[in-house]
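Everything below concerns the one structure shown next.
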Amino acid sequence: AFGLTFGATYELDFWGLARNNLRAANEALKSARFAQQVVALTVTANVADQYLNILALRRRIAIANENIAAINGILDVIKLKVSAVASSRLDLAQEEAQVESVEAQLPGLEEQELEARFALALLLGRAPENFDVQARNLDALKAPVVAPGLPSELLLRRPDVAQAEANLAAAHANV
């Protein structure tokens with residue numbers, strides 16, 4: 001003896017509940033995709049920010065070293081003036097204090113540059129120990145030309161705006 005039973009139910013979507021639930025689910029899916037694009041864009045922006053921060057810190061370190069060299073040159077001249085009794089010891093003390101002040105800033109700048117390199121390495125998924133950036137300054141970078149009157153459609157291409165719109169459409173469908 002064999003038996004086969006089959007059962008099916010059907011519900012009329014008279015008020016559009018199933019259609020709206022499907023629409024809400026599709027909008028939630030779109031929102032999740034846009035959220036993934038937001039994360040990718042955020043990581044890319046953070047990588048660029050850290051890279052520029054490293055180059056800016058390297059420039060600040062170079063300027064501090066140039067200042068130390070210049071101040072040491074002035075200090076040598078003041079020492080000669082003090083030994084020839086053409087200048088007071090107060091001038092010498094002020095110049096030595098200035099050298100020490102600039103030299104005291106240098107380790108902090110170097111530590112910030114090291115931290116920025118480690119952060120960039122982590123953002124790129126690399127080990128921070130042997131990671132380095134080849135560029136030494138910002139001179140090679142060219143700023144893009146931004147023309148006035150950019151169309152408002154650029155806002156619509158932003159994934160965070162599209163995500164907010166998809167969330168709003170999903171919430172509307174759930175009403």
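Residues in the structure tokens are numbered from 1 in each chain, the chains being A, B, ... in the order shown, and ligands are numbered from 1 in the order shown.
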Sel. of alpha helix (DSSP H) residues, chain A, as an MDAnalysis selection string: chainID A and resid 17:83 89:124 153:156 159:174
12 Å contact set for Ala64 (chain A), only C-alpha atoms, chain neighbours under 4 positions out, as a PyMOL selection string: chain A and resi 57-60+68-71+98-110
Who sits within 10 Å of Lys30 (chain A), only C-alpha atoms, same chain under 5 positions skipped, as a ChimeraX atom specification: /A:24-25,35-36,162-163,165-167,170
Selection near region 11-20 of chain A, 12 Å with only C-alpha atoms, sequence-local residues under 5 positions removed, as a list in words: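 These residues fall inside the cut-off: Ala25, Asn26, Glu27, Ala169, Ala170, Ala171, His172, Ala173, Asn174 and Val175 of chain A.
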From A:Glu115, A:Glu153, A:Asp91, A:Glu129, residue lying nearest Gln50 (chain A) [only C-alpha atoms]: A:Glu115
Would you tabulate, counting only C-alpha atoms, all residues of region 13-96 of chain A that have an atom at most 12 Å from an atom of region 136-145 of chain A, showing the closest pair of atoms and their distance in Å to one decimal, sorted by chain then ascending number, as JSON lines?
```
{"residue": "A:Ala48", "atom": "CA", "partner": "A:Leu141", "partner_atom": "CA", "distance": 11.9}
{"residue": "A:Tyr51", "atom": "CA", "partner": "A:Leu138", "partner_atom": "CA", "distance": 10.0}
{"residue": "A:Leu52", "atom": "CA", "partner": "A:Leu138", "partner_atom": "CA", "distance": 7.6}
{"residue": "A:Asn53", "atom": "CA", "partner": "A:Leu138", "partner_atom": "CA", "distance": 9.8}
{"residue": "A:Ile54", "atom": "CA", "partner": "A:Asn137", "partner_atom": "CA", "distance": 8.6}
{"residue": "A:Leu55", "atom": "CA", "partner": "A:Asn137", "partner_atom": "CA", "distance": 5.0}
{"residue": "A:Ala56", "atom": "CA", "partner": "A:Leu138", "partner_atom": "CA", "distance": 6.8}
{"residue": "A:Leu57", "atom": "CA", "partner": "A:Asn137", "partner_atom": "CA", "distance": 8.7}
{"residue": "A:Arg58", "atom": "CA", "partner": "A:Arg136", "partner_atom": "CA", "distance": 6.4}
{"residue": "A:Arg59", "atom": "CA", "partner": "A:Asn137", "partner_atom": "CA", "distance": 5.8}
{"residue": "A:Arg60", "atom": "CA", "partner": "A:Asn137", "partner_atom": "CA", "distance": 9.5}
{"residue": "A:Ile61", "atom": "CA", "partner": "A:Asn137", "partner_atom": "CA", "distance": 10.5}
{"residue": "A:Ala62", "atom": "CA", "partner": "A:Asn137", "partner_atom": "CA", "distance": 9.3}
{"residue": "A:Ile63", "atom": "CA", "partner": "A:Asn137", "partner_atom": "CA", "distance": 11.2}
```
Could you take the residues named above and write them with N, CA and C atoms, as a PDB file, in the first residue's frame?
```
ATOM      1  N   ALA A  48      44.697  56.668   3.497  1.00  0.00           N
ATOM      2  CA  ALA A  48      45.211  57.905   2.907  1.00  0.00           C
ATOM      3  C   ALA A  48      45.574  58.917   3.987  1.00  0.00           C
ATOM      4  N   TYR A  51      48.831  57.854   5.666  1.00  0.00           N
ATOM      5  CA  TYR A  51      49.956  58.053   4.745  1.00  0.00           C
ATOM      6  C   TYR A  51      50.360  59.528   4.719  1.00  0.00           C
ATOM      7  N   LEU A  52      49.375  60.409   4.575  1.00  0.00           N
ATOM      8  CA  LEU A  52      49.669  61.843   4.554  1.00  0.00           C
ATOM      9  C   LEU A  52      50.196  62.318   5.903  1.00  0.00           C
ATOM     10  N   ASN A  53      49.689  61.739   6.982  1.00  0.00           N
ATOM     11  CA  ASN A  53      50.171  62.083   8.312  1.00  0.00           C
ATOM     12  C   ASN A  53      51.645  61.705   8.477  1.00  0.00           C
ATOM     13  N   ILE A  54      52.029  60.538   7.972  1.00  0.00           N
ATOM     14  CA  ILE A  54      53.437  60.113   8.037  1.00  0.00           C
ATOM     15  C   ILE A  54      54.322  61.096   7.281  1.00  0.00           C
ATOM     16  N   LEU A  55      53.905  61.459   6.070  1.00  0.00           N
ATOM     17  CA  LEU A  55      54.716  62.380   5.272  1.00  0.00           C
ATOM     18  C   LEU A  55      54.794  63.757   5.921  1.00  0.00           C
ATOM     19  N   ALA A  56      53.705  64.217   6.512  1.00  0.00           N
ATOM     20  CA  ALA A  56      53.721  65.511   7.189  1.00  0.00           C
ATOM     21  C   ALA A  56      54.630  65.477   8.421  1.00  0.00           C
ATOM     22  N   LEU A  57      54.575  64.384   9.170  1.00  0.00           N
ATOM     23  CA  LEU A  57      55.452  64.260  10.343  1.00  0.00           C
ATOM     24  C   LEU A  57      56.915  64.189   9.939  1.00  0.00           C
ATOM     25  N   ARG A  58      57.194  63.507   8.838  1.00  0.00           N
ATOM     26  CA  ARG A  58      58.587  63.464   8.361  1.00  0.00           C
ATOM     27  C   ARG A  58      59.066  64.851   7.970  1.00  0.00           C
ATOM     28  N   ARG A  59      58.191  65.639   7.393  1.00  0.00           N
ATOM     29  CA  ARG A  59      58.563  67.011   7.030  1.00  0.00           C
ATOM     30  C   ARG A  59      58.812  67.840   8.284  1.00  0.00           C
ATOM     31  N   ARG A  60      57.965  67.664   9.304  1.00  0.00           N
ATOM     32  CA  ARG A  60      58.158  68.393  10.558  1.00  0.00           C
ATOM     33  C   ARG A  60      59.471  67.993  11.228  1.00  0.00           C
ATOM     34  N   ILE A  61      59.838  66.716  11.152  1.00  0.00           N
ATOM     35  CA  ILE A  61      61.108  66.250  11.720  1.00  0.00           C
ATOM     36  C   ILE A  61      62.271  66.883  10.961  1.00  0.00           C
ATOM     37  N   ALA A  62      62.164  66.935   9.631  1.00  0.00           N
ATOM     38  CA  ALA A  62      63.227  67.547   8.824  1.00  0.00           C
ATOM     39  C   ALA A  62      63.365  69.031   9.153  1.00  0.00           C
ATOM     40  N   ILE A  63      62.251  69.715   9.335  1.00  0.00           N
ATOM     41  CA  ILE A  63      62.298  71.143   9.687  1.00  0.00           C
ATOM     42  C   ILE A  63      62.925  71.321  11.063  1.00  0.00           C
TER      43      ILE A  63
END
```
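In this model, the gap between CA of Val47 (chain A) and CA of Arg117 (chain A) comes to 10.4 Å.
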Separation of CA of Gln37 (chain A) from CA of Ala147 (chain A), in Å and rounded to one decimal: 25.5 Å
Residue with smallest distance to Ile74 (chain A) - pool A:Ser88, A:Glu96, A:Leu150, A:Glu113, counting only C-alpha atoms: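 That would be A:Glu96, the residue with the smallest distance to Ile74 (chain A).
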CA of Gly149 (chain A) to CA of Ala45 (chain A), straight-line distance in Å: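 CA of Ala45 (chain A) sits 23.6 Å away from CA of Gly149 (chain A).
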12 Å contact set for Ala127 (chain A), only C-alpha atoms, chain neighbours under 6 positions out, as JSON, numbers by chain: {"A": [117, 118, 119, 120, 121]}
Just write the chosen residues, all heavy atoms, as a PDB file, in the first residue's frame.
```
ATOM      1  N   ARG A 117      53.165  55.073  11.316  1.00  0.00           N
ATOM      2  CA  ARG A 117      53.585  53.962  10.448  1.00  0.00           C
ATOM      3  C   ARG A 117      52.979  52.644  10.913  1.00  0.00           C
ATOM      4  O   ARG A 117      52.533  51.832  10.107  1.00  0.00           O
ATOM      5  CB  ARG A 117      55.114  53.846  10.419  1.00  0.00           C
ATOM      6  CG  ARG A 117      55.750  54.711   9.379  1.00  0.00           C
ATOM      7  CD  ARG A 117      57.196  54.363   9.156  1.00  0.00           C
ATOM      8  NE  ARG A 117      57.980  54.640  10.359  1.00  0.00           N
ATOM      9  CZ  ARG A 117      58.948  53.862  10.817  1.00  0.00           C
ATOM     10  NH1 ARG A 117      59.273  52.764  10.187  1.00  0.00           N
ATOM     11  NH2 ARG A 117      59.621  54.199  11.892  1.00  0.00           N
ATOM     12  N   PHE A 118      52.945  52.418  12.222  1.00  0.00           N
ATOM     13  CA  PHE A 118      52.341  51.197  12.756  1.00  0.00           C
ATOM     14  C   PHE A 118      50.848  51.157  12.436  1.00  0.00           C
ATOM     15  O   PHE A 118      50.306  50.116  12.062  1.00  0.00           O
ATOM     16  CB  PHE A 118      52.553  51.090  14.258  1.00  0.00           C
ATOM     17  CG  PHE A 118      53.939  50.633  14.663  1.00  0.00           C
ATOM     18  CD1 PHE A 118      54.928  50.389  13.725  1.00  0.00           C
ATOM     19  CD2 PHE A 118      54.253  50.457  15.994  1.00  0.00           C
ATOM     20  CE1 PHE A 118      56.194  49.967  14.090  1.00  0.00           C
ATOM     21  CE2 PHE A 118      55.516  50.031  16.379  1.00  0.00           C
ATOM     22  CZ  PHE A 118      56.484  49.787  15.420  1.00  0.00           C
ATOM     23  N   ALA A 119      50.172  52.293  12.578  1.00  0.00           N
ATOM     24  CA  ALA A 119      48.736  52.345  12.269  1.00  0.00           C
ATOM     25  C   ALA A 119      48.486  52.066  10.791  1.00  0.00           C
ATOM     26  O   ALA A 119      47.556  51.337  10.438  1.00  0.00           O
ATOM     27  CB  ALA A 119      48.168  53.712  12.658  1.00  0.00           C
ATOM     28  N   LEU A 120      49.334  52.619   9.921  1.00  0.00           N
ATOM     29  CA  LEU A 120      49.185  52.369   8.485  1.00  0.00           C
ATOM     30  C   LEU A 120      49.425  50.896   8.169  1.00  0.00           C
ATOM     31  O   LEU A 120      48.706  50.298   7.373  1.00  0.00           O
ATOM     32  CB  LEU A 120      50.135  53.259   7.680  1.00  0.00           C
ATOM     33  CG  LEU A 120      50.066  53.112   6.170  1.00  0.00           C
ATOM     34  CD1 LEU A 120      48.683  53.453   5.650  1.00  0.00           C
ATOM     35  CD2 LEU A 120      51.117  53.994   5.498  1.00  0.00           C
ATOM     36  N   ALA A 121      50.421  50.314   8.797  1.00  0.00           N
ATOM     37  CA  ALA A 121      50.696  48.894   8.570  1.00  0.00           C
ATOM     38  C   ALA A 121      49.504  48.038   8.987  1.00  0.00           C
ATOM     39  O   ALA A 121      49.125  47.101   8.275  1.00  0.00           O
ATOM     40  CB  ALA A 121      51.948  48.473   9.339  1.00  0.00           C
TER      41      ALA A 121
END
```
